[in-house]
$ cat my_file13.txt   # compact mmCIF, C-alpha atoms and all ligand atoms
# COMPACT_ATOMS: atom_id res chain seq x y z
CA MET N 1 0.00 0.00 0.00
CA ASP N 2 1.32 3.47 -0.81
CA SER N 3 1.81 5.43 2.36
CA VAL N 4 0.10 8.73 2.94
CA GLU N 5 3.35 9.95 4.53
CA SER N 6 5.28 9.64 1.28
CA ALA N 7 2.47 10.95 -0.94
CA GLY N 8 3.10 14.11 -2.89
CA GLY N 9 0.59 16.80 -3.76
CA ARG N 10 -1.50 18.53 -1.16
CA LEU N 11 -1.33 15.54 1.19
CA GLY N 12 2.45 15.67 1.37
CA ALA N 13 2.46 19.45 1.87
CA VAL N 14 0.04 19.23 4.79
CA LEU N 15 1.81 16.35 6.51
CA SER N 16 5.23 17.92 6.22
CA ALA N 17 4.12 21.34 7.52
CA PRO N 18 5.61 22.36 10.90
CA ARG N 19 3.17 21.52 13.70
CA SER N 20 3.41 24.87 15.37
CA GLY N 21 -0.22 26.02 15.71
CA ALA N 22 -1.26 27.84 12.55
CA VAL N 23 1.02 27.59 9.53
CA ALA N 24 0.74 29.55 6.28
CA LEU N 25 1.19 27.10 3.40
CA GLY N 26 1.73 29.97 0.93
CA ARG N 27 2.38 33.73 1.02
CA HIS N 28 -1.34 34.50 1.28
CA GLY N 29 -2.36 31.25 2.82
CA PRO N 30 -4.12 28.96 3.06
CA TRP N 31 -3.43 28.57 6.76
CA LEU N 32 -3.34 25.10 8.28
CA VAL N 33 -4.15 24.64 11.96
CA THR N 34 -2.14 21.87 13.59
CA THR N 35 -3.50 21.59 17.13
CA PRO N 36 -6.78 19.97 18.27
CA ALA N 37 -7.80 23.11 20.18
CA LEU N 38 -7.41 25.38 17.14
CA ALA N 39 -9.15 22.84 14.89
CA ARG N 40 -12.15 22.80 17.22
CA ARG N 41 -12.16 26.58 17.38
CA VAL N 42 -12.25 26.88 13.59
CA LEU N 43 -14.99 24.27 13.11
CA THR N 44 -17.24 25.39 15.96
CA ASP N 45 -17.21 29.16 15.31
CA PRO N 46 -19.11 29.62 12.02
CA GLY N 47 -19.42 33.37 12.74
CA ARG N 48 -15.68 33.85 12.18
CA PHE N 49 -14.92 30.77 10.08
CA ASP N 50 -17.54 30.55 7.37
CA PHE N 51 -18.43 27.41 5.47
CA PRO N 52 -17.25 27.81 1.84
CA GLY N 53 -20.09 28.38 -0.58
CA ASP N 54 -19.01 26.59 -3.72
CA VAL N 55 -18.24 23.02 -2.81
CA SER N 56 -18.40 21.63 -6.31
CA ARG N 57 -14.66 22.20 -6.73
CA SER N 58 -13.47 21.89 -3.13
CA GLY N 59 -12.38 18.31 -3.68
CA ASP N 60 -14.88 17.12 -1.14
CA LEU N 61 -18.54 16.29 -1.38
CA SER N 62 -19.05 16.35 2.36
CA SER N 63 -20.56 19.73 2.28
CA SER N 64 -23.74 21.34 1.20
CA ARG N 65 -24.58 23.93 -1.41
CA GLY N 66 -25.70 26.93 0.65
CA ALA N 67 -23.60 29.88 -0.48
CA THR N 68 -23.44 31.79 2.78
CA ARG N 69 -23.76 31.26 6.48
CA SER N 70 -27.33 32.48 6.43
CA GLY N 71 -28.13 30.40 3.33
CA HIS N 72 -26.51 27.25 4.60
CA VAL N 73 -28.75 24.42 5.62
CA VAL N 74 -27.81 22.60 8.79
CA PHE N 75 -28.66 18.91 8.52
CA ALA N 76 -30.11 17.15 11.56
CA PRO N 77 -28.39 13.90 12.58
CA LEU N 78 -30.14 10.75 11.33
CA THR N 79 -32.50 9.23 13.90
CA PRO N 80 -31.70 5.82 15.48
CA ASP N 81 -34.58 4.30 13.44
CA ALA N 82 -33.13 5.65 10.21
CA VAL N 83 -29.68 4.31 11.10
CA ALA N 84 -31.12 0.87 11.92
CA ARG N 85 -32.93 0.82 8.56
CA GLY N 86 -29.75 1.74 6.71
CA VAL N 87 -27.56 -0.85 8.46
CA ALA N 88 -30.17 -3.60 7.88
CA VAL N 89 -30.15 -2.83 4.16
CA LEU N 90 -26.36 -2.90 4.02
CA ASP N 91 -26.45 -6.34 5.61
CA GLY N 92 -28.47 -7.89 2.77
CA GLU N 93 -26.97 -5.83 -0.05
CA TRP N 94 -23.38 -6.66 0.90
CA ASP N 95 -24.06 -10.40 0.59
CA ALA N 96 -25.89 -9.76 -2.70
CA ALA N 97 -22.95 -7.75 -4.10
CA LEU N 98 -20.48 -10.52 -3.20
CA ALA N 99 -22.73 -13.17 -4.76
CA GLU N 100 -23.18 -11.08 -7.92
CA HIS N 101 -19.41 -10.71 -8.29
CA ASP N 102 -18.87 -14.46 -7.79
CA ARG N 103 -21.49 -15.21 -10.42
CA ARG N 104 -20.11 -12.78 -13.00
CA ALA N 105 -16.38 -13.12 -12.38
CA PRO N 106 -15.77 -16.28 -10.36
CA GLY N 107 -12.26 -16.46 -8.91
CA GLU N 108 -11.41 -12.87 -9.83
CA ALA N 109 -10.29 -10.35 -7.22
CA TYR N 110 -12.89 -8.01 -5.73
CA ASP N 111 -12.53 -4.29 -6.40
CA ALA N 112 -13.44 -2.74 -3.05
CA MET N 113 -14.62 0.62 -4.42
CA ALA N 114 -16.86 -1.11 -6.99
CA LEU N 115 -18.14 -3.75 -4.58
CA LEU N 116 -19.23 -1.19 -2.00
CA ARG N 117 -21.11 1.09 -4.40
CA ARG N 118 -24.57 -0.44 -4.42
CA PRO N 119 -24.65 -1.73 -0.83
CA VAL N 120 -23.61 1.66 0.54
CA ALA N 121 -25.84 3.66 -1.83
CA ARG N 122 -28.92 1.58 -1.05
CA SER N 123 -28.15 1.59 2.66
CA THR N 124 -27.79 5.37 2.82
CA VAL N 125 -30.89 5.97 0.69
CA ALA N 126 -32.88 3.57 2.92
CA ALA N 127 -31.78 5.54 5.99
CA VAL N 128 -32.56 8.96 4.53
CA LEU N 129 -35.83 8.01 2.76
CA ASP N 130 -38.29 5.56 4.23
CA THR N 131 -39.57 4.40 0.84
CA ASP N 132 -40.32 1.26 -1.18
CA THR N 133 -37.49 -0.91 -2.54
CA ARG N 134 -37.99 0.08 -6.18
CA THR N 135 -37.74 3.79 -5.45
CA ARG N 136 -34.82 3.19 -3.09
CA ASP N 137 -32.85 1.34 -5.75
CA LEU N 138 -33.65 3.92 -8.45
CA VAL N 139 -32.58 6.82 -6.20
CA ALA N 140 -29.43 4.90 -5.19
CA ASP N 141 -28.41 4.37 -8.83
CA LEU N 142 -29.15 8.00 -9.74
CA THR N 143 -27.09 9.19 -6.74
CA LEU N 144 -24.16 7.05 -7.91
CA ALA N 145 -24.56 8.44 -11.43
CA TRP N 146 -24.51 12.02 -10.09
CA ILE N 147 -21.41 11.33 -7.98
CA ASP N 148 -19.69 9.81 -11.03
CA SER N 149 -20.58 12.80 -13.18
CA LEU N 150 -19.17 15.18 -10.54
CA ALA N 151 -15.77 13.45 -10.51
CA PRO N 152 -14.43 15.05 -13.73
CA VAL N 153 -15.78 18.45 -12.64
CA ILE N 154 -13.99 18.24 -9.31
CA SER N 155 -10.72 16.85 -10.61
CA ALA N 156 -10.40 19.21 -13.61
CA ARG N 157 -7.30 21.44 -13.41
CA ARG N 158 -9.32 24.51 -14.42
CA PRO N 159 -13.05 24.91 -13.70
CA PRO N 160 -14.90 23.45 -16.71
CA GLY N 161 -17.07 26.01 -18.54
CA ARG N 162 -20.77 26.17 -17.80
CA TRP N 163 -21.66 24.63 -21.14
CA SER N 164 -18.79 22.15 -21.31
CA ARG N 165 -19.60 18.48 -21.83
CA VAL N 166 -18.71 17.57 -18.23
CA ARG N 167 -20.83 20.36 -16.75
CA ARG N 168 -23.79 19.43 -18.93
CA GLY N 169 -23.36 15.76 -17.97
CA GLU N 170 -23.29 16.70 -14.31
CA ARG N 171 -26.41 18.89 -14.66
CA ASP N 172 -28.31 16.12 -16.45
CA ALA N 173 -27.39 13.59 -13.76
CA ARG N 174 -28.37 16.06 -11.07
CA PHE N 175 -31.76 16.83 -12.69
CA ALA N 176 -32.50 13.11 -13.08
CA LEU N 177 -31.88 12.62 -9.35
CA ASP N 178 -33.93 15.71 -8.43
CA ASP N 179 -36.83 14.47 -10.59
CA ALA N 180 -36.82 11.04 -8.97
CA LEU N 181 -36.65 12.60 -5.50
CA SER N 182 -39.46 15.07 -6.23
CA ALA N 183 -41.73 12.11 -7.00
CA VAL N 184 -41.12 10.54 -3.57
CA PRO N 185 -44.17 11.09 -1.33
CA GLY N 186 -43.36 12.77 2.00
CA LEU N 187 -39.81 13.80 1.07
CA PRO N 188 -38.20 14.94 4.37
CA ALA N 189 -36.67 18.11 2.83
CA PRO N 190 -36.48 19.88 -0.56
CA ALA N 191 -35.10 17.56 -3.27
CA GLU N 192 -31.89 19.59 -3.62
CA GLN N 193 -31.06 19.19 0.06
CA VAL N 194 -31.85 15.48 0.07
CA ALA N 195 -29.62 15.03 -3.00
CA THR N 196 -26.75 16.75 -1.15
CA VAL N 197 -27.14 14.52 1.89
CA LEU N 198 -27.25 11.42 -0.31
CA ALA N 199 -24.15 12.36 -2.29
CA ALA N 200 -22.16 13.08 0.88
CA GLY N 201 -23.56 9.95 2.51
CA VAL N 202 -22.63 7.65 -0.36
CA GLN N 203 -19.29 8.81 -1.72
CA VAL N 204 -17.48 9.13 1.64
CA PRO N 205 -18.50 5.78 3.18
CA ILE N 206 -17.59 3.98 -0.06
CA ALA N 207 -14.07 5.40 0.18
CA ALA N 208 -13.89 4.69 3.93
CA GLY N 209 -15.08 1.10 3.40
CA ALA N 210 -12.53 0.55 0.65
CA TRP N 211 -9.72 1.83 2.89
CA LEU N 212 -10.97 -0.45 5.65
CA LEU N 213 -10.90 -3.53 3.40
CA GLY N 214 -7.48 -2.49 2.09
CA TRP N 215 -5.99 -2.12 5.57
CA ILE N 216 -7.46 -5.41 6.78
CA ALA N 217 -6.24 -7.24 3.66
CA ALA N 218 -2.77 -5.74 4.09
CA HIS N 219 -2.67 -6.69 7.80
CA PRO N 220 -4.44 -10.01 8.24
CA ALA N 221 -5.12 -10.68 11.93
CA ASP N 222 -8.02 -11.20 14.27
CA HIS N 223 -9.01 -7.52 14.47
CA ASP N 224 -11.75 -6.12 16.68
CA PRO N 225 -14.13 -4.65 14.05
CA VAL N 226 -14.77 -1.39 15.90
CA HIS N 227 -11.05 -0.82 16.55
CA ALA N 228 -10.26 -1.62 12.89
CA VAL N 229 -12.80 1.01 11.81
CA TRP N 230 -11.35 3.74 14.06
CA GLU N 231 -7.82 2.88 13.02
CA THR N 232 -8.84 3.19 9.36
CA LEU N 233 -10.51 6.55 9.99
CA ARG N 234 -7.34 7.67 11.78
CA LEU N 235 -4.86 6.70 9.09
CA THR N 236 -6.94 7.42 6.00
CA PRO N 237 -9.98 9.61 6.81
CA PRO N 238 -11.63 10.05 3.37
CA THR N 239 -12.41 13.69 4.18
CA TRP N 240 -8.79 14.26 5.10
CA ILE N 241 -9.03 18.05 4.91
CA THR N 242 -11.77 20.65 5.17
CA ALA N 243 -11.75 24.41 4.63
CA ARG N 244 -13.34 27.48 6.19
CA ILE N 245 -13.14 31.16 5.16
CA THR N 246 -12.39 33.88 7.72
CA THR N 247 -15.13 36.53 7.90
CA GLU N 248 -12.92 38.99 9.85
CA PRO N 249 -9.23 39.26 10.85
CA VAL N 250 -8.52 36.48 13.38
CA ASP N 251 -5.66 35.58 15.69
CA LEU N 252 -4.80 31.88 15.62
CA ALA N 253 -2.50 31.30 18.59
CA GLY N 254 -0.36 34.31 17.69
CA THR N 255 -0.70 34.03 13.91
CA ALA N 256 -2.69 36.86 12.33
CA VAL N 257 -4.97 35.78 9.50
CA PRO N 258 -6.76 38.52 7.51
CA ALA N 259 -10.46 38.37 6.60
CA GLY N 260 -11.50 36.38 3.54
CA ARG N 261 -8.71 33.79 3.76
CA VAL N 262 -8.84 30.01 3.77
CA VAL N 263 -8.13 28.10 6.99
CA LEU N 264 -7.67 24.33 6.72
CA VAL N 265 -8.36 21.61 9.29
CA SER N 266 -6.96 18.15 8.57
CA PRO N 267 -8.29 15.12 10.47
CA LEU N 268 -5.49 13.13 8.84
CA LEU N 269 -2.84 15.39 10.39
CA LEU N 270 -4.59 15.47 13.79
CA GLY N 271 -4.77 11.65 13.79
CA ARG N 272 -0.97 11.61 13.86
CA LEU N 273 -0.60 13.69 17.03
CA ASP N 274 0.81 11.93 20.12
CA GLU N 275 -1.70 13.55 22.44
CA LEU N 276 -4.71 12.08 20.58
CA VAL N 277 -3.50 8.55 19.89
CA PRO N 278 -2.49 5.74 22.25
CA GLY N 279 0.86 4.13 21.37
CA ASP N 280 3.07 5.33 18.54
CA PRO N 281 0.94 7.41 16.14
CA ASP N 282 3.45 6.73 13.36
CA GLY N 283 3.48 2.98 14.04
CA GLY N 284 1.16 2.12 11.15
CA PHE N 285 -2.13 0.20 11.15
CA ASP N 286 -2.60 -1.18 14.66
CA PRO N 287 -6.24 -1.55 15.78
CA THR N 288 -5.10 -3.01 19.13
CA ARG N 289 -3.93 0.47 20.17
CA TRP N 290 -7.62 1.26 20.85
CA GLU N 291 -7.70 -1.35 23.65
CA ASP N 292 -6.02 1.45 25.57
CA THR N 293 -9.02 3.58 26.54
CA SER N 294 -6.98 6.55 27.76
CA ARG N 295 -7.61 8.34 24.43
CA ARG N 296 -11.01 8.81 22.83
CA PRO N 297 -11.30 7.44 19.29
CA GLY N 298 -12.47 10.16 16.93
CA ALA N 299 -10.76 13.05 18.77
CA TRP N 300 -8.96 13.80 15.46
CA LEU N 301 -12.38 14.75 13.98
CA PRO N 302 -12.87 12.28 11.07
CA PHE N 303 -16.55 13.33 11.15
CA GLY N 304 -15.82 17.03 11.62
CA ALA N 305 -17.18 19.12 14.51
CA GLY N 306 -19.54 22.02 15.10
CA PRO N 307 -22.61 22.95 13.05
CA HIS N 308 -21.33 21.22 9.92
CA ALA N 309 -20.30 18.00 11.64
CA CYS N 310 -21.40 14.85 9.86
CA PRO N 311 -25.12 14.12 10.42
CA GLY N 312 -24.56 10.56 9.14
CA ARG N 313 -21.80 9.63 11.58
CA THR N 314 -23.70 6.82 13.32
CA LEU N 315 -24.82 5.33 10.02
CA GLY N 316 -21.31 5.61 8.56
CA LEU N 317 -19.84 3.85 11.59
CA GLY N 318 -22.57 1.17 11.44
CA GLN N 319 -21.87 0.52 7.76
CA LEU N 320 -18.13 0.26 8.36
CA VAL N 321 -18.44 -2.00 11.41
CA HIS N 322 -20.63 -4.31 9.35
CA VAL N 323 -17.96 -4.54 6.62
CA ALA N 324 -15.20 -5.06 9.23
CA THR N 325 -17.21 -7.82 10.89
CA TRP N 326 -17.63 -9.61 7.55
CA ALA N 327 -13.91 -9.22 6.85
CA GLY N 328 -13.14 -10.66 10.29
CA ARG N 329 -14.85 -13.91 9.34
CA HIS N 330 -12.45 -14.38 6.39
CA ARG N 331 -8.83 -13.97 5.51
CA LEU N 332 -8.33 -11.29 2.88
CA ALA N 333 -5.25 -10.62 0.79
CA LEU N 334 -4.40 -7.63 -1.40
CA ALA N 335 -4.38 -8.60 -5.08
CA GLU N 336 -2.31 -5.61 -6.15
CA HIS N 337 -0.50 -2.56 -4.84
CA VAL N 338 -2.86 0.13 -3.51
CA ARG N 339 -2.29 3.73 -4.63
CA ILE N 340 -3.81 6.90 -3.22
CA ASP N 341 -6.25 8.86 -5.35
CA GLN N 342 -6.33 12.48 -4.14
CA SER N 343 -8.87 13.76 -6.66
CA ARG N 344 -11.81 13.81 -4.23
CA GLY N 345 -10.82 13.47 -0.59
CA ILE N 346 -8.63 10.37 -0.51
CA SER N 347 -9.60 6.95 -1.81
CA PRO N 348 -7.61 3.79 -2.51
CA LEU N 349 -7.23 3.20 -6.23
CA PRO N 350 -7.35 0.42 -7.09
CA CYS N 351 -8.13 -1.58 -3.98
CA ARG N 352 -8.40 -5.16 -5.21
CA PHE N 353 -8.43 -8.05 -2.79
CA THR N 354 -9.10 -11.78 -2.72
CA VAL N 355 -10.78 -13.87 -0.05
CA VAL N 356 -8.22 -16.52 0.84
CA SER N 357 -10.44 -18.41 3.28
C1 LIG R 1 -17.54 6.80 7.35
C2 LIG R 1 -18.43 7.56 6.86
C3 LIG R 1 -18.40 9.07 6.88
C4 LIG R 1 -17.38 9.95 7.13
C5 LIG R 1 -15.92 9.63 7.45
C6 LIG R 1 -17.93 11.29 7.03
C7 LIG R 1 -17.20 12.46 7.24
C8 LIG R 1 -17.75 13.72 7.21
C9 LIG R 1 -17.05 14.94 7.57
C10 LIG R 1 -15.60 15.04 8.01
C11 LIG R 1 -17.91 15.97 7.41
C12 LIG R 1 -17.65 17.46 7.73
C13 LIG R 1 -17.06 18.19 6.56
C14 LIG R 1 -16.70 19.61 6.91
O1 LIG R 1 -16.71 20.02 8.06
O2 LIG R 1 -16.38 20.34 5.98
C15 LIG R 1 -19.15 15.42 6.94
C16 LIG R 1 -20.25 16.17 6.61
C17 LIG R 1 -21.42 15.63 6.11
N1 LIG R 1 -21.76 14.31 6.03
FE1 LIG R 1 -20.55 12.74 6.47
N2 LIG R 1 -19.26 11.19 6.70
C18 LIG R 1 -19.59 9.86 6.63
C19 LIG R 1 -20.83 9.34 6.37
C20 LIG R 1 -21.96 10.06 6.06
C21 LIG R 1 -23.27 9.52 5.84
C22 LIG R 1 -23.63 8.04 5.89
C23 LIG R 1 -24.11 10.59 5.56
C24 LIG R 1 -25.59 10.64 5.23
C25 LIG R 1 -26.48 9.87 5.55
C26 LIG R 1 -23.30 11.78 5.61
C27 LIG R 1 -23.77 13.07 5.34
C28 LIG R 1 -23.03 14.21 5.53
C29 LIG R 1 -23.55 15.55 5.24
C30 LIG R 1 -24.93 15.88 4.67
C31 LIG R 1 -22.53 16.44 5.60
C32 LIG R 1 -22.57 17.96 5.48
C33 LIG R 1 -22.99 18.59 6.77
C34 LIG R 1 -23.05 20.10 6.68
O3 LIG R 1 -22.44 20.68 5.81
O4 LIG R 1 -23.72 20.70 7.52
N3 LIG R 1 -22.01 11.43 5.93
N4 LIG R 1 -19.04 14.05 6.85

$ encode --input "my_file13.txt" --output "structure tokens" --more "lines below"
Ligand code: HEM
Amino acid sequence: MDSVESAGGRLGAVLSAPRSGAVALGRHGPWLVTTPALARRVLTDPGRFDFPGDVSRSGDLSSSRGATRSGHVVFAPLTPDAVARGVAVLDGEWDAALAEHDRRAPGEAYDAMALLRRPVARSTVAAVLDTDTRTRDLVADLTLAWIDSLAPVISARRPPGRWSRVRRGERDARFALDDALSAVPGLPAPAEQVATVLAAGVQVPIAAGAWLLGWIAAHPADHDPVHAVWETLRLTPPTWITARITTEPVDLAGTAVPAGRVVLVSPLLLGRLDELVPGDPDGGFDPTRWEDTSRRPGAWLPFGAGPHACPGRTLGLGQLVHVATWAGRHRLALAEHVRIDQSRGISPLPCRFTVVS
């Protein structure tokens, strides 16, 4: 597996920055905060650290489309009933996806990102919308199609023009999803908001689940599923960085940041701090470290914090623990070297594994 530590690009720049509080990564920023206290301050004070408006090119779908603080919609956490519905669907759909692969390509390695698509999409749709199976599956496929159509928009070097092929493709996929959602009786929120929740709640857990399978396949052992999940979210949180914009001049532990500048918080960086992690934070994938209960898993904010914290956290954890529990009943092996795709958060590409027993 490629290591995040030796990755280039933005990942490398963030990890090699001095951990001295708030660090300017360029002459005019962005500024990166490197302590848990500053990270919490940035994420929990939306008055001074505004949520960026245009998320379509932020490299991260875990955000909504409201352009301003006042326009931003705050999503309520999913209810326990909704989470239970979603996890139950993942249970059946995961077995179905494995069986489908074995029927179509017997003996061939599984591609984790591909294998997780439908189970996660249907599980998240089932949690967010209490609807019939046909509608659930249609909305799940349209959500996946929208996410796929967003990928070239997000990863383009320069913003694609409004009438470019990729933008038109993305708009068409988005309208198809909106139309399907508008036809759902008793939709819990306007179609556009539901679409945003679904996209965030499908793309990120697919990447997290693929990392989880990759780590377990690379380190076969009798892992505790919950510890394996936290260790995955520590080493490779899919939303490895998030941004806020200062609304006024701020002082970040002695560093002056003017108004209108970008401040970054990185759960991936925080997950490598001694004070937040039992044992050696640079010691690689070691779920047993979480047997030591002196540190709280999640203190490095893999689900964010404050008003924009992840409303699907419990569902995401439930989905991942289910996958880890399945993996624990088998012995997995990586079928090929895993690289890091930085085009939208971080995801393992490819992440192909076999089930040895
Ligand atoms: C392992 C799975 C997941 C991880 C690691 C994760 C991570 C995150 C993070 C870090 C944020 C905050 C981003 C920021 O502050 O800029 C976030 C926001 C969000 N997540 Fe998740 N998420 C997961 C699963 C889900 C699921 C299952 C759903 C939906 C059912 C969901 C829906 C959302 C939404 C709608 C937001 C935006 C909240 C807002 O802007 O107010 N996520 N997620």

$ atom_distance --input "my_file13.txt" --atom1 "CA of Val262 (chain N)" --atom2 "CA of Leu349 (chain N)"
28.7 Å

$ residues_near_ligand --input "my_file13.txt" --ligand "ligand LIG 1 (chain R)" --cutoff "6 Å" --atoms "only C-alpha atoms and all ligand atoms" --output "list in words"
Ser62, Ser63, Ser64, Val74, Phe75, Thr124, Val197, Leu198, Ala200, Gly201, Val204, Pro205, Ala208, Pro237, Pro238, Thr239, Thr242, Pro302, Phe303, Gly304, His308, Ala309, Cys310, Pro311, Gly312, Arg313, Leu315, Gly316 and Leu317 of chain N

$ closest_residue --input "my_file13.txt" --among "N:Arg118, N:Arg171, N:His219, N:Arg19" --to "Glu100 (chain N)" --atoms "only C-alpha atoms"
N:Arg118

$ closest_atom_pairs --input "my_file13.txt" --of "region 25-47 of chain N" --to "region 270-282 of chain N" --cutoff "10 Å" --atoms "only C-alpha atoms" --output "tab-separated table"
residue	atom	partner	partner_atom	distance
N:Val33	CA	N:Leu270	CA	9.4
N:Thr34	CA	N:Leu270	CA	6.9
N:Thr35	CA	N:Leu270	CA	7.1
N:Pro36	CA	N:Leu270	CA	6.7
N:Ala39	CA	N:Leu270	CA	8.7

$ closest_residue --input "my_file13.txt" --among "N:Phe49, N:Trp300, N:Trp94, N:Trp146" --to "Ala199 (chain N)" --atoms "all atoms listed in the file"
N:Trp146

$ atom_distance --input "my_file13.txt" --atom1 "CA of Leu269 (chain N)" --atom2 "CA of Glu5 (chain N)"
10.1 Å

$ closest_residue --input "my_file13.txt" --among "N:Leu332, N:Ala207, N:Leu129, N:Ala99" --to "Pro220 (chain N)" --atoms "only C-alpha atoms"
N:Leu332

$ closest_residue --input "my_file13.txt" --among "N:Ala176, N:Ala114, N:Val202, N:Ala221" --to "Ala140 (chain N)" --atoms "all atoms listed in the file"
N:Val202

$ atom_distance --input "my_file13.txt" --atom1 "CA of Pro18 (chain N)" --atom2 "CA of Arg40 (chain N)"
18.9 Å

$ closest_residue --input "my_file13.txt" --among "N:Val226, N:Ser266, N:Pro119, N:Asp50" --to "Asp141 (chain N)" --atoms "only C-alpha atoms"
N:Pro119

$ closest_residue --input "my_file13.txt" --among "N:Ala97, N:Leu252, N:Leu15, N:Ala127" --to "Thr79 (chain N)" --atoms "all atoms listed in the file"
N:Ala127

$ residues_around --input "my_file13.txt" --residues "region 24-31 of chain N" --least-positions-apart "2" --cutoff "9 Å" --atoms "all atoms listed in the file" --output "JSON, numbers by chain"
{"N": [13, 14, 17, 22, 33, 255, 257, 261, 262, 263, 264, 265]}

$ residues_around --input "my_file13.txt" --residues "Ala180 (chain N)" --least-positions-apart "4" --cutoff "12 Å" --atoms "only C-alpha atoms" --output "list in words"
Arg134, Thr135, Arg136, Asp137, Leu138, Val139, Ala140, Asp141, Leu142, Thr143, Ala173, Arg174, Phe175, Ala176, Val184, Pro185, Leu187, Ala191, Glu192, Val194 and Ala195 of chain N

$ residues_around --input "my_file13.txt" --residues "His101 (chain N)" --least-positions-apart "5" --cutoff "12 Å" --atoms "all atoms listed in the file" --output "list in words"
Trp94, Asp95, Ala96, Pro106, Gly107, Glu108, Ala109, Tyr110, Asp111, Ala112, Ala114, Leu115, Leu116 and Thr354 of chain N

$ residues_around --input "my_file13.txt" --residues "region 82-89 of chain N" --least-positions-apart "2" --cutoff "7 Å" --atoms "all atoms listed in the file" --output "list in words"
Leu78, Thr79, Pro80, Asp91, Gly92, Glu93, Arg122, Ser123, Thr124, Ala126, Ala127, Val128, Thr314, Leu315, Gly318 and Gln319 of chain N
